[in-house]
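Peer 1: Contents of work10.txt (compact mmCIF, C-alpha atoms and all ligand atoms) are below:
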# COMPACT_ATOMS: atom_id res chain seq x y z
CA MET A 12 5.06 21.00 -5.76
CA HIS A 13 4.72 17.64 -7.51
CA LEU A 14 7.66 18.31 -9.82
CA GLY A 15 10.59 15.95 -9.67
CA ARG A 16 8.82 13.14 -7.86
CA THR A 17 9.66 9.62 -8.99
CA THR A 18 6.65 8.01 -10.63
CA LEU A 19 6.45 4.24 -11.09
CA SER A 20 7.29 4.52 -14.81
CA LYS A 21 10.33 6.71 -14.20
CA PHE A 22 11.50 4.32 -11.46
CA LEU A 23 11.12 1.26 -13.69
CA ILE A 24 12.95 2.86 -16.60
CA GLN A 25 15.83 3.68 -14.24
CA GLN A 26 15.89 0.31 -12.41
CA LEU A 27 15.62 -1.86 -15.49
CA LYS A 28 18.13 0.01 -17.64
CA GLY A 29 20.41 -2.44 -19.43
CA ILE A 30 18.38 -5.52 -18.48
CA GLU A 31 17.27 -7.78 -21.32
CA GLY A 32 13.55 -7.44 -22.05
CA ALA A 33 13.42 -4.40 -19.78
CA SER A 34 10.88 -2.38 -21.69
CA ASP A 35 8.42 -5.29 -21.88
CA LEU A 36 8.82 -5.98 -18.16
CA ALA A 37 8.33 -2.29 -17.32
CA ALA A 38 5.24 -2.16 -19.55
CA LEU A 39 3.81 -5.26 -17.90
CA LEU A 40 4.34 -3.87 -14.41
CA ILE A 41 2.62 -0.64 -15.49
CA ASP A 42 -0.35 -2.73 -16.70
CA VAL A 43 -0.42 -4.61 -13.38
CA ALA A 44 -0.29 -1.27 -11.54
CA ALA A 45 -3.20 0.00 -13.67
CA ALA A 46 -5.27 -3.01 -12.59
CA THR A 47 -4.49 -2.31 -8.94
CA LYS A 48 -5.76 1.26 -9.36
CA THR A 49 -9.07 -0.13 -10.61
CA ILE A 50 -9.23 -2.60 -7.72
CA SER A 51 -8.32 0.17 -5.28
CA SER A 52 -11.18 2.28 -6.56
CA MET A 53 -13.63 -0.63 -6.18
CA THR A 54 -12.52 -1.57 -2.67
CA ALA A 55 -12.65 2.11 -1.65
CA LYS A 56 -16.27 2.48 -2.81
CA GLY A 57 -17.32 -0.54 -0.76
CA ALA A 58 -21.04 -0.82 -0.19
CA LEU A 59 -21.69 2.35 -2.25
CA GLY A 60 -20.42 0.57 -5.35
CA GLY A 61 -22.49 -2.55 -4.65
CA TYR A 62 -19.23 -4.51 -4.38
CA LEU A 63 -19.62 -6.24 -1.05
CA GLY A 64 -20.88 -9.76 -0.40
CA GLU A 65 -20.49 -13.17 -1.97
CA VAL A 66 -20.97 -14.34 -5.55
CA GLY A 67 -22.55 -17.60 -4.43
CA ASN A 68 -20.01 -20.11 -5.76
CA THR A 69 -16.69 -21.59 -4.66
CA ASN A 70 -13.29 -21.42 -6.34
CA VAL A 71 -10.78 -24.24 -6.91
CA GLN A 72 -9.63 -23.83 -3.30
CA GLY A 73 -13.12 -24.73 -2.10
CA GLU A 74 -13.46 -21.18 -0.74
CA SER A 75 -16.56 -19.13 -1.39
CA GLN A 76 -15.84 -16.27 -3.76
CA LYS A 77 -16.57 -12.68 -2.84
CA LYS A 78 -17.85 -10.35 -5.57
CA LEU A 79 -14.59 -8.44 -5.21
CA ASP A 80 -12.50 -11.62 -5.73
CA VAL A 81 -14.10 -12.04 -9.15
CA LEU A 82 -14.03 -8.35 -10.08
CA ALA A 83 -10.37 -8.03 -9.07
CA ASP A 84 -9.55 -11.15 -11.09
CA ASP A 85 -11.26 -9.67 -14.17
CA ALA A 86 -9.48 -6.36 -13.66
CA MET A 87 -6.05 -8.04 -13.72
CA ILE A 88 -6.84 -10.21 -16.73
CA ARG A 89 -8.35 -7.37 -18.80
CA SER A 90 -5.46 -5.06 -17.92
CA CYS A 91 -2.70 -7.52 -18.86
CA GLU A 92 -3.98 -9.81 -21.63
CA TRP A 93 -3.97 -7.41 -24.59
CA GLY A 94 -0.45 -5.95 -24.73
CA GLY A 95 1.62 -8.82 -26.15
CA LEU A 96 3.61 -8.91 -22.91
CA VAL A 97 2.37 -12.07 -21.18
CA ALA A 98 2.35 -15.62 -22.55
CA GLY A 99 -0.30 -16.63 -20.01
CA MET A 100 -1.67 -15.90 -16.57
CA ALA A 101 -2.61 -17.96 -13.52
CA SER A 102 -4.77 -16.83 -10.63
CA GLU A 103 -6.08 -18.05 -7.31
CA GLU A 104 -9.57 -17.74 -8.72
CA LEU A 105 -9.01 -19.88 -11.86
CA ASP A 106 -8.63 -23.68 -11.77
CA GLU A 107 -6.40 -23.69 -14.86
CA PRO A 108 -4.07 -21.03 -16.31
CA TYR A 109 -5.70 -18.34 -18.43
CA ALA A 110 -4.88 -18.75 -22.13
CA ILE A 111 -4.28 -15.49 -23.99
CA PRO A 112 -7.07 -15.14 -26.63
CA ASP A 113 -5.96 -15.61 -30.26
CA GLU A 114 -6.72 -11.97 -31.10
CA PHE A 115 -3.78 -10.88 -28.90
CA GLN A 116 -0.06 -11.56 -29.22
CA ARG A 117 1.79 -13.55 -26.59
CA GLY A 118 4.89 -12.22 -24.84
CA ASN A 119 7.70 -13.75 -22.77
CA TYR A 120 6.28 -13.41 -19.28
CA LEU A 121 3.94 -15.40 -17.08
CA LEU A 122 1.87 -13.46 -14.59
CA VAL A 123 0.67 -15.32 -11.49
CA PHE A 124 -1.53 -13.53 -8.98
CA ASP A 125 -3.84 -13.50 -6.01
CA PRO A 126 -6.33 -10.85 -7.18
CA LEU A 127 -7.62 -10.11 -3.71
CA ASP A 128 -5.74 -11.33 -0.67
CA GLY A 129 -7.50 -11.26 2.68
CA SER A 130 -10.88 -11.05 0.98
CA SER A 131 -12.63 -12.33 4.12
CA ASN A 132 -11.97 -8.76 5.29
CA THR A 133 -13.76 -6.86 2.51
CA ASP A 134 -17.14 -6.79 4.22
CA VAL A 135 -15.62 -5.49 7.46
CA ASN A 136 -13.57 -2.72 5.80
CA VAL A 137 -10.14 -3.99 6.80
CA SER A 138 -7.09 -3.74 4.49
CA VAL A 139 -6.86 -6.20 1.61
CA GLY A 140 -4.42 -6.45 -1.29
CA THR A 141 -3.35 -7.92 -4.63
CA ILE A 142 -0.21 -10.09 -4.85
CA PHE A 143 1.62 -10.80 -8.11
CA SER A 144 4.62 -12.73 -9.40
CA VAL A 145 6.29 -12.47 -12.81
CA LEU A 146 8.16 -15.42 -14.35
CA ARG A 147 9.80 -15.80 -17.75
CA HIS A 148 8.47 -17.96 -20.57
CA ASP A 149 11.05 -18.18 -23.32
CA LYS A 150 9.19 -20.51 -25.65
CA ALA A 151 7.17 -19.75 -28.74
CA GLU A 152 4.45 -22.19 -27.69
CA ALA A 153 1.66 -21.17 -25.37
CA PRO A 154 2.46 -22.17 -21.78
CA VAL A 155 1.07 -25.29 -20.13
CA THR A 156 0.71 -25.66 -16.35
CA ALA A 157 4.20 -27.20 -16.04
CA ASP A 158 5.73 -23.99 -17.43
CA TYR A 159 4.41 -22.08 -14.43
CA LEU A 160 5.94 -24.45 -11.87
CA GLN A 161 9.25 -22.58 -11.49
CA THR A 162 10.94 -21.99 -8.15
CA GLY A 163 10.52 -18.59 -6.52
CA ARG A 164 14.19 -17.83 -7.27
CA LYS A 165 13.27 -17.59 -10.95
CA GLN A 166 10.87 -14.70 -10.41
CA VAL A 167 11.91 -11.59 -12.36
CA ALA A 168 9.55 -9.31 -10.47
CA ALA A 169 7.03 -9.55 -7.66
CA GLY A 170 4.93 -7.24 -5.58
CA TYR A 171 1.67 -6.40 -3.96
CA ALA A 172 -0.78 -3.56 -3.78
CA ILE A 173 -2.30 -2.87 -0.39
CA TYR A 174 -5.69 -1.18 -0.22
CA GLY A 175 -5.52 0.44 3.20
CA PRO A 176 -6.07 4.00 4.38
CA ALA A 177 -3.61 4.76 1.58
CA THR A 178 -3.16 2.51 -1.44
CA MET A 179 0.45 1.44 -1.88
CA LEU A 180 2.35 -0.67 -4.37
CA VAL A 181 5.40 -2.54 -3.07
CA LEU A 182 7.65 -3.97 -5.72
CA THR A 183 10.91 -5.75 -6.45
CA VAL A 184 12.69 -6.52 -9.70
CA GLY A 185 15.55 -8.11 -7.75
CA LYS A 186 17.20 -4.80 -6.82
CA GLY A 187 15.74 -4.11 -3.41
CA THR A 188 12.15 -3.67 -2.30
CA HIS A 189 10.50 -0.32 -2.91
CA GLY A 190 7.19 1.22 -1.89
CA PHE A 191 5.01 3.61 -3.88
CA THR A 192 1.94 5.50 -2.68
CA LEU A 193 -1.00 6.13 -4.97
CA ASP A 194 -1.61 9.83 -5.47
CA ARG A 195 -5.31 9.67 -6.31
CA GLU A 196 -5.43 13.29 -7.48
CA ILE A 197 -3.07 12.61 -10.38
CA GLY A 198 -3.57 8.85 -10.63
CA ASN A 199 0.10 7.96 -10.30
CA TYR A 200 2.07 5.73 -7.96
CA ILE A 201 4.85 7.85 -6.43
CA LEU A 202 8.04 6.40 -4.90
CA THR A 203 7.72 7.13 -1.18
CA HIS A 204 9.54 4.20 0.48
CA PRO A 205 12.75 3.39 -1.45
CA ASN A 206 15.03 0.55 -0.32
CA LEU A 207 12.91 -0.93 2.45
CA ALA A 208 14.98 -2.70 5.12
CA ILE A 209 13.40 -5.02 7.68
CA PRO A 210 14.96 -4.67 11.14
CA GLU A 211 16.86 -7.85 12.01
CA ASP A 212 15.28 -8.11 15.46
CA THR A 213 11.72 -7.64 16.57
CA ASN A 214 9.32 -7.91 19.52
CA GLU A 215 6.27 -8.57 17.38
CA PHE A 216 4.86 -11.82 16.03
CA ALA A 217 1.74 -12.67 14.01
CA ILE A 218 0.06 -16.07 14.01
CA ASN A 219 -3.51 -17.35 14.17
CA THR A 220 -3.44 -18.81 17.67
CA SER A 221 -6.84 -20.47 17.22
CA ASN A 222 -4.85 -23.14 15.35
CA ALA A 223 -2.48 -23.74 18.30
CA ARG A 224 -3.69 -27.28 18.90
CA PHE A 225 -2.73 -28.21 15.33
CA TRP A 226 0.81 -26.75 15.36
CA GLU A 227 4.06 -28.68 15.39
CA SER A 228 6.12 -28.44 18.57
CA PRO A 229 8.82 -26.01 17.23
CA VAL A 230 6.10 -23.42 16.63
CA HIS A 231 4.63 -24.09 20.10
CA ARG A 232 8.08 -23.63 21.55
CA TYR A 233 8.61 -20.29 19.84
CA VAL A 234 5.17 -18.86 20.63
CA THR A 235 5.25 -20.13 24.23
CA GLU A 236 8.59 -18.40 24.73
CA CYS A 237 7.27 -15.14 23.25
CA GLN A 238 4.21 -15.31 25.50
CA ALA A 239 6.39 -15.89 28.58
CA GLY A 240 7.91 -12.46 27.87
CA ARG A 241 10.40 -10.88 30.22
CA ALA A 242 10.11 -13.67 32.78
CA GLY A 243 10.90 -16.44 30.29
CA GLU A 244 13.62 -17.73 28.00
CA ARG A 245 13.60 -14.62 25.78
CA GLY A 246 13.93 -12.12 28.63
CA ARG A 247 11.75 -9.52 26.94
CA ASP A 248 8.09 -8.88 26.25
CA PHE A 249 6.54 -9.55 22.84
CA ASN A 250 3.46 -8.11 21.19
CA MET A 251 1.07 -10.02 18.91
CA ARG A 252 -0.94 -8.98 15.82
CA TRP A 253 -3.31 -10.91 13.54
CA ILE A 254 -5.16 -9.11 10.73
CA ALA A 255 -6.01 -12.21 8.61
CA SER A 256 -4.75 -10.33 5.54
CA MET A 257 -1.28 -11.51 4.61
CA VAL A 258 -0.50 -8.35 2.64
CA ALA A 259 -1.35 -6.21 5.66
CA GLU A 260 0.84 -8.32 7.98
CA VAL A 261 3.70 -8.28 5.48
CA HIS A 262 3.36 -4.55 4.97
CA ARG A 263 3.67 -3.96 8.71
CA ILE A 264 6.75 -6.20 8.79
CA LEU A 265 8.35 -4.30 5.88
CA MET A 266 7.68 -1.02 7.70
CA ARG A 267 8.79 -1.90 11.23
CA GLY A 268 9.85 -5.54 11.45
CA GLY A 269 8.12 -8.58 12.91
CA VAL A 270 7.50 -12.24 12.23
CA PHE A 271 4.54 -13.71 10.34
CA MET A 272 3.73 -17.40 10.56
CA TYR A 273 1.17 -19.58 8.86
CA PRO A 274 3.04 -22.79 9.69
CA LYS A 275 2.49 -26.42 8.88
CA ASP A 276 -0.39 -27.80 10.92
CA THR A 277 -2.44 -30.94 11.25
CA LYS A 278 -5.82 -29.25 10.79
CA ASP A 279 -6.39 -30.87 7.39
CA SER A 280 -3.93 -33.52 6.23
CA ALA A 281 -4.61 -32.57 2.59
CA LYS A 282 -3.32 -29.03 3.26
CA PRO A 283 0.27 -28.73 4.52
CA GLY A 284 -0.29 -25.05 5.27
CA ARG A 285 -2.85 -22.37 4.50
CA LEU A 286 -1.09 -20.13 1.99
CA ARG A 287 -0.48 -20.85 -1.65
CA LEU A 288 3.10 -21.16 -2.93
CA MET A 289 2.85 -19.67 -6.40
CA TYR A 290 0.86 -16.49 -5.82
CA GLU A 291 1.21 -15.81 -2.09
CA ALA A 292 4.37 -17.32 -0.58
CA ASN A 293 6.76 -16.88 -3.53
CA PRO A 294 6.14 -13.23 -4.42
CA ILE A 295 6.02 -12.21 -0.76
CA SER A 296 9.23 -14.16 -0.01
CA PHE A 297 11.01 -12.39 -2.87
CA LEU A 298 10.00 -9.00 -1.42
CA ILE A 299 11.02 -10.04 2.09
CA GLU A 300 14.45 -11.34 1.04
CA GLN A 301 15.07 -8.23 -1.06
CA ALA A 302 14.35 -6.16 2.06
CA GLY A 303 16.90 -8.14 4.11
CA GLY A 304 14.44 -10.49 5.81
CA LEU A 305 14.13 -14.28 5.68
CA SER A 306 11.32 -16.52 4.47
CA THR A 307 11.16 -20.24 5.14
CA THR A 308 8.85 -23.21 5.43
CA GLY A 309 10.61 -23.86 8.76
CA ARG A 310 12.85 -26.37 7.04
CA LYS A 311 13.76 -24.79 3.72
CA TYR A 312 13.97 -21.34 2.13
CA LEU A 313 10.63 -20.78 0.48
CA LEU A 314 12.19 -19.50 -2.73
CA ASP A 315 13.95 -22.86 -3.19
CA VAL A 316 10.81 -25.00 -3.00
CA VAL A 317 10.14 -26.77 -6.29
CA PRO A 318 6.44 -26.28 -7.03
CA GLU A 319 4.29 -29.33 -7.72
CA GLY A 320 1.00 -27.64 -8.48
CA LEU A 321 -0.40 -24.24 -9.33
CA HIS A 322 -2.53 -24.07 -6.20
CA GLN A 323 -0.14 -25.92 -3.88
CA ARG A 324 -0.19 -24.85 -0.23
CA ILE A 325 2.94 -24.36 1.82
CA PRO A 326 3.94 -23.45 5.39
CA VAL A 327 5.18 -19.85 5.64
CA ILE A 328 7.41 -18.27 8.30
CA LEU A 329 8.88 -14.88 7.38
CA GLY A 330 10.12 -11.53 8.56
CA SER A 331 12.97 -10.20 10.74
CA ARG A 332 15.95 -12.40 10.00
CA ASN A 333 17.20 -13.21 13.51
CA GLU A 334 13.75 -14.35 14.66
CA VAL A 335 13.06 -16.39 11.52
CA ALA A 336 16.51 -18.01 11.84
CA ARG A 337 15.64 -18.91 15.45
CA ILE A 338 12.33 -20.51 14.43
CA GLU A 339 14.11 -22.43 11.69
CA ARG A 340 16.64 -23.66 14.26
CA TYR A 341 13.79 -24.85 16.48
CA HIS A 342 12.52 -26.93 13.55
CA LEU A 343 15.97 -28.40 12.91
CA GLU A 344 16.48 -29.20 16.59
CA HIS A 345 13.05 -30.79 16.73
CA ASP A 346 13.74 -32.94 13.66
CA ALA A 347 17.11 -33.98 15.09
CA GLY A 348 15.52 -34.70 18.48
CA THR A 349 17.87 -32.31 20.24
CA ASP A 350 15.35 -29.73 21.44
CA ARG A 351 14.91 -29.84 25.14
CA PRO A 352 11.37 -30.32 26.45
CA PHE A 353 10.07 -26.88 27.17
CA GLU A 354 8.07 -25.73 30.09
CA SER A 355 4.39 -26.17 29.20
CA PRO A 356 3.20 -29.57 30.48
CA LEU A 357 0.62 -29.59 27.68
CA PHE A 358 3.16 -29.44 24.91
CA ASN A 359 6.37 -31.00 26.15
CA GLU A 360 7.93 -33.78 24.15
CA ARG A 361 6.33 -36.61 26.11
CA SER A 362 2.86 -35.13 26.25
CA LEU A 363 -0.04 -36.91 24.63
CA PHE A 364 -1.23 -33.44 23.66
CA ARG A 365 1.77 -32.94 21.43
CA PRO A 366 0.13 -32.44 17.98
CA GLU A 367 2.24 -35.06 16.17
CA ALA A 368 1.50 -37.61 18.86
CA ARG A 369 -2.13 -37.51 17.87
CA VAL A 370 -1.98 -38.07 14.10
P1 LIG B 401 -7.31 -15.17 0.43
O1 LIG B 401 -8.25 -14.11 0.90
O2 LIG B 401 -6.59 -14.78 -0.83
O3 LIG B 401 -7.93 -16.54 0.34
O4 LIG B 401 -6.08 -15.31 1.46
C1 LIG B 401 -6.32 -15.24 2.83
C2 LIG B 401 -5.11 -15.72 3.56
C3 LIG B 401 -4.15 -14.65 4.03
O5 LIG B 401 -4.35 -13.39 3.55
C4 LIG B 401 -4.28 -14.64 5.52
O6 LIG B 401 -3.03 -14.52 6.12
C5 LIG B 401 -4.92 -15.95 5.86
O7 LIG B 401 -5.55 -16.39 4.71
C6 LIG B 401 -5.90 -15.80 6.97
O8 LIG B 401 -6.25 -17.05 7.40
P2 LIG B 401 -7.19 -17.30 8.68
O9 LIG B 401 -8.58 -16.97 8.21
O10 LIG B 401 -6.98 -18.75 8.97
O11 LIG B 401 -6.74 -16.39 9.80
MN MN B 402 -4.56 -14.70 -0.46
MN MN B 403 -7.41 -14.13 -2.74
Represent the structure from my file as C-alpha cells, please.

Peer 2:
Amino acid sequence: MHLGRTTLSKFLIQQLKGIEGASDLAALLIDVAAATKTISSMTAKGALGGYLGEVGNTNVQGESQKKLDVLADDAMIRSCEWGGLVAGMASEELDEPYAIPDEFQRGNYLLVFDPLDGSSNTDVNVSVGTIFSVLRHDKAEAPVTADYLQTGRKQVAAGYAIYGPATMLVLTVGKGTHGFTLDREIGNYILTHPNLAIPEDTNEFAINTSNARFWESPVHRYVTECQAGRAGERGRDFNMRWIASMVAEVHRILMRGGVFMYPKDTKDSAKPGRLRLMYEANPISFLIEQAGGLSTTGRKYLLDVVPEGLHQRIPVILGSRNEVARIERYHLEHDAGTDRPFESPLFNERSLFRPEARV
C-alpha cells in the first residue's frame, strides 16, 4: 500500500534535476530532514524523555534556553556538519556562526536555522517547529558573519518542520511550497501536500493583542476594523488566533489562509520587532511567497531587506495576499498622512494615546 508514494529524496531528485549543485543541495536537505526526525522524536517523548524545562542560561537574544532549544541545536549541527555540504552554520542559539571543524570538508552552502521555534510552548505540549534557510557560499575561504548577511531573495531553499499531532516538513527550493508528512513506521517524509496555495482572501488574523498599546496606528486601524466585523468598515466578521508558535501560525495560513502579524512596536526601542530576519522571517517569507502569499515589514517586502546582523529583528506581516496588501497600504497611507482618522477615540490621529505620540 506504500508503493509509489513520493518520498522526500525522490521529490528532491525530481525537483532539482538540471540545477547546478543539485545533488549537494538535495543531500543537505536530507540531512536537515534527518535532524528534524530526531527533534520530532525528542519533542514527542516530552516529560518521559526528561526533555522539558530550562537549561538555566540565556542565549544571545537574552532569552532563557529550554533544554530542547539546546538539544535541537545540537541535533542540527551534528546532522549537517560532517558531509562536506555546508561551509558554515548559524543558529538562534549561537552568538557567532558555527565553524565547520577541520576534520570535515566545507561545501558551498550556508545553513541558518531556528532549532526550536515557539519553545515557550514545549512545557505545555503545544506545537513547536524548526525553521531553516539555505544560502550559497561560493568562496574557498571559510565564511565570516558578513557572508551570511544576504537578502532573503538569495535563499536557494527554505523550510520548516512542525512537531504537531503529525510531524510535517514544509519546503521550497523556489519551485512552489510543498508539504510532507512523517510516516513514523517507515521513518520517511512522504509528499502529502504538493503545491500549497494560500487563499487570497481570509477572515482570520493572528496577532498578540497584549502588545496593542505599543503598535503603530496602521496596525491599530487594521485590527480595529477586523474587530468591528460585519457592522464596520469591512462588512464581515473576522476570527482571531494566537498560538505563540510562528511555525504553527504559518502552517495554519498555508493550509487555509489568514494573516499573521508581529509588527513593529514601541515596546523596546532596541527591538524593531520580535522575530529574527535571518532564521525566522526570511525562510518563512520564501515559503509564503512560493505559495502565492505576501510577506512584508509593512513598508517593504521582507525578502528585499538587506540584513545588518545575524540576529537582527524585523517586523513581520504575512499571509493571504489581499489582506497583507491592505495592511501595507495602511502603512503607506499613514506615512503619507493620508489615512483618515478612524473611529476609536483612543487611537485616532490626534489622540495622545496614539503610540507614536508617546515616544
Ligand atoms: P522562539 O521560541 O524561537 O524564541 O520564537 C518564538 C517567537 C515565535 O514563534 C512566536 O510567534 C513569537 O515568538 C511569540 O511571541 P509572544 O510570546 O510575544 O507571543
Ligand atoms: Mn523562533
Ligand atoms: Mn527558537

Peer 1: Counting all atoms listed in the file, what are the residues, protein, DNA or RNA alike, that approach ligand MN 403 (chain B) to within 9 Å? I want them as a ChimeraX atom specification.

Peer 2: /A:76,80,102-104,124-131,140-142,291

Peer 1: Excluding Phe216 of chain A and any residue of its chain fewer than 2 positions from it, enumerate the residues within 12 Å of it, using only C-alpha atoms, and give them as a PyMOL selection string.

Peer 2: chain A and resi 212-214+218-220+230+233-238+248-254+260-261+263-264+267-273+328-331+334-335+338

Peer 1: Taking only C-alpha atoms into account, which of A:Arg340, A:Lys186, A:Lys282, A:Lys28 comes nearest Gly309 of chain A?

Peer 2: A:Arg340

Peer 1: I'd like the contact shell of Ile111 of chain A - 7 Å cut-off, only C-alpha atoms, skipping same-chain residues fewer than 5 positions apart - returned as a list of chain:residue names.

Peer 2: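 After dropping sequence-adjacent residues, the list is A:Glu92, A:Ala98, A:Gly99, A:Arg117.
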
Peer 1: For atom CA of Leu40 of chain A and atom CA of Val181 of chain A, quote the distance in Å rounded to one decimal.

Peer 2: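 So the answer is 11.5 Å.
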
Peer 1: Gly67 of chain A: which residues within 10 Å, counting all atoms listed in the file, same-chain residues fewer than 3 positions away excluded, as number ranges by chain?

Peer 2: A: 64, 75-78

Peer 1: Could you check the closest approach to Val137 of chain A for each of A:Ala101, A:Ile197, A:Ile173, A:Leu19 and tell me which residue wins, using only C-alpha atoms?

Peer 2: A:Ile173

Peer 1: Report, in Å with one decimal, the straight-line distance from atom CA of Ala157 of chain A to atom CA of Ile88 of chain A.

Peer 2: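 Atom-to-atom, atom CA of Ala157 of chain A to atom CA of Ile88 of chain A, that is 20.3 Å.
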
Peer 1: Which distance in Å separates atom CA of Met53 of chain A and atom C2 of ligand LIG 401 (chain B), to one decimal?

Peer 2: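 Separating atom CA of Met53 of chain A from atom C2 of ligand LIG 401 (chain B) is a distance of 19.9 Å.
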
Peer 1: So that I can check the surroundings of Thr133 of chain A, please list as a PDB file with C-alpha atoms, keeping the file's coordinate frame every protein, DNA and RNA residue that reaches within 9 Å of it, counting all atoms listed in the file and ignoring chain neighbours fewer than 5 positions away.

Peer 2:
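Ended up saving to out02.pdb:
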ATOM      1  CA  THR A  54     -12.520  -1.570  -2.670  1.00  0.00           C
ATOM      2  CA  GLY A  57     -17.320  -0.540  -0.760  1.00  0.00           C
ATOM      3  CA  LEU A  63     -19.620  -6.240  -1.050  1.00  0.00           C
ATOM      4  CA  GLY A  64     -20.880  -9.760  -0.400  1.00  0.00           C
ATOM      5  CA  LYS A  77     -16.570 -12.680  -2.840  1.00  0.00           C
ATOM      6  CA  LEU A  79     -14.590  -8.440  -5.210  1.00  0.00           C
ATOM      7  CA  SER A 138      -7.090  -3.740   4.490  1.00  0.00           C
ATOM      8  CA  VAL A 139      -6.860  -6.200   1.610  1.00  0.00           C
TER       9      VAL A 139
END

Peer 1: Measuring between all atoms listed in the file, which one of A:Glu300, A:Asp276, A:Glu31, A:Glu196 shows the shortest distance to ligand LIG 401 (chain B)?

Peer 2: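 Residue with the minimum atom-to-atom distance to ligand LIG 401 (chain B): A:Asp276.
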
Peer 1: Extract, using all atoms listed in the file, all DNA, RNA and protein residues at most 10 Å from segment 342-350 of chain A, discarding same-chain residues fewer than 6 positions from it, and format them as number ranges by chain.

Peer 2: A: 227-230, 232-233, 308-310, 336, 360

Peer 1: Here is a test: counting all atoms listed in the file, which residue of A:His262, A:Arg287, A:Lys311, A:Arg324 is nearest to ligand MN 402 (chain B)?

Peer 2: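 Of the candidates, the smallest distance to ligand MN 402 (chain B) is held by A:Arg287.
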
Peer 1: Taking the point (-6.4, -5.3, -15.1) as given in the file, collect each protein or nucleic acid residue that comes within 8 Å of it, counting all atoms listed in the file, and present the set as a PyMOL selection string.

Peer 2: chain A and resi 42-43+45-47+49+83-91

Peer 1: Can you give me all heavy atoms for segment 312-317 of chain A, written as a PDB file, in the frame of the given file?

Peer 2:
ATOM      1  N   TYR A 312      14.343 -22.662   2.642  1.00  0.00           N
ATOM      2  CA  TYR A 312      13.970 -21.340   2.130  1.00  0.00           C
ATOM      3  C   TYR A 312      12.817 -21.493   1.162  1.00  0.00           C
ATOM      4  O   TYR A 312      12.854 -22.340   0.256  1.00  0.00           O
ATOM      5  CB  TYR A 312      15.150 -20.666   1.424  1.00  0.00           C
ATOM      6  CG  TYR A 312      16.241 -20.209   2.362  1.00  0.00           C
ATOM      7  CD1 TYR A 312      17.577 -20.396   2.038  1.00  0.00           C
ATOM      8  CD2 TYR A 312      15.927 -19.587   3.566  1.00  0.00           C
ATOM      9  CE1 TYR A 312      18.585 -19.982   2.897  1.00  0.00           C
ATOM     10  CE2 TYR A 312      16.926 -19.174   4.434  1.00  0.00           C
ATOM     11  CZ  TYR A 312      18.249 -19.377   4.100  1.00  0.00           C
ATOM     12  OH  TYR A 312      19.225 -18.968   4.958  1.00  0.00           O
ATOM     13  N   LEU A 313      11.809 -20.658   1.336  1.00  0.00           N
ATOM     14  CA  LEU A 313      10.630 -20.780   0.480  1.00  0.00           C
ATOM     15  C   LEU A 313      10.961 -20.652  -1.001  1.00  0.00           C
ATOM     16  O   LEU A 313      10.402 -21.353  -1.841  1.00  0.00           O
ATOM     17  CB  LEU A 313       9.602 -19.729   0.881  1.00  0.00           C
ATOM     18  CG  LEU A 313       8.488 -20.349   1.709  1.00  0.00           C
ATOM     19  CD1 LEU A 313       7.847 -19.363   2.619  1.00  0.00           C
ATOM     20  CD2 LEU A 313       7.483 -21.016   0.795  1.00  0.00           C
ATOM     21  N   LEU A 314      11.895 -19.749  -1.320  1.00  0.00           N
ATOM     22  CA  LEU A 314      12.190 -19.500  -2.730  1.00  0.00           C
ATOM     23  C   LEU A 314      12.853 -20.707  -3.404  1.00  0.00           C
ATOM     24  O   LEU A 314      12.949 -20.753  -4.626  1.00  0.00           O
ATOM     25  CB  LEU A 314      13.065 -18.253  -2.877  1.00  0.00           C
ATOM     26  CG  LEU A 314      12.382 -16.922  -2.514  1.00  0.00           C
ATOM     27  CD1 LEU A 314      13.360 -15.758  -2.636  1.00  0.00           C
ATOM     28  CD2 LEU A 314      11.166 -16.669  -3.406  1.00  0.00           C
ATOM     29  N   ASP A 315      13.315 -21.675  -2.609  1.00  0.00           N
ATOM     30  CA  ASP A 315      13.950 -22.860  -3.190  1.00  0.00           C
ATOM     31  C   ASP A 315      12.989 -24.039  -3.349  1.00  0.00           C
ATOM     32  O   ASP A 315      13.377 -25.096  -3.862  1.00  0.00           O
ATOM     33  CB  ASP A 315      15.133 -23.310  -2.311  1.00  0.00           C
ATOM     34  CG  ASP A 315      16.268 -22.296  -2.338  1.00  0.00           C
ATOM     35  OD1 ASP A 315      16.464 -21.656  -3.392  1.00  0.00           O
ATOM     36  OD2 ASP A 315      16.942 -22.132  -1.299  1.00  0.00           O
ATOM     37  N   VAL A 316      11.765 -23.886  -2.903  1.00  0.00           N
ATOM     38  CA  VAL A 316      10.810 -25.000  -3.000  1.00  0.00           C
ATOM     39  C   VAL A 316      10.417 -25.212  -4.465  1.00  0.00           C
ATOM     40  O   VAL A 316      10.060 -24.269  -5.166  1.00  0.00           O
ATOM     41  CB  VAL A 316       9.538 -24.687  -2.163  1.00  0.00           C
ATOM     42  CG1 VAL A 316       8.474 -25.750  -2.387  1.00  0.00           C
ATOM     43  CG2 VAL A 316       9.893 -24.570  -0.687  1.00  0.00           C
ATOM     44  N   VAL A 317      10.528 -26.462  -4.911  1.00  0.00           N
ATOM     45  CA  VAL A 317      10.140 -26.770  -6.290  1.00  0.00           C
ATOM     46  C   VAL A 317       8.624 -27.016  -6.324  1.00  0.00           C
ATOM     47  O   VAL A 317       8.127 -27.924  -5.664  1.00  0.00           O
ATOM     48  CB  VAL A 317      10.884 -28.034  -6.802  1.00  0.00           C
ATOM     49  CG1 VAL A 317      10.446 -28.378  -8.225  1.00  0.00           C
ATOM     50  CG2 VAL A 317      12.390 -27.813  -6.722  1.00  0.00           C
TER      51      VAL A 317
END
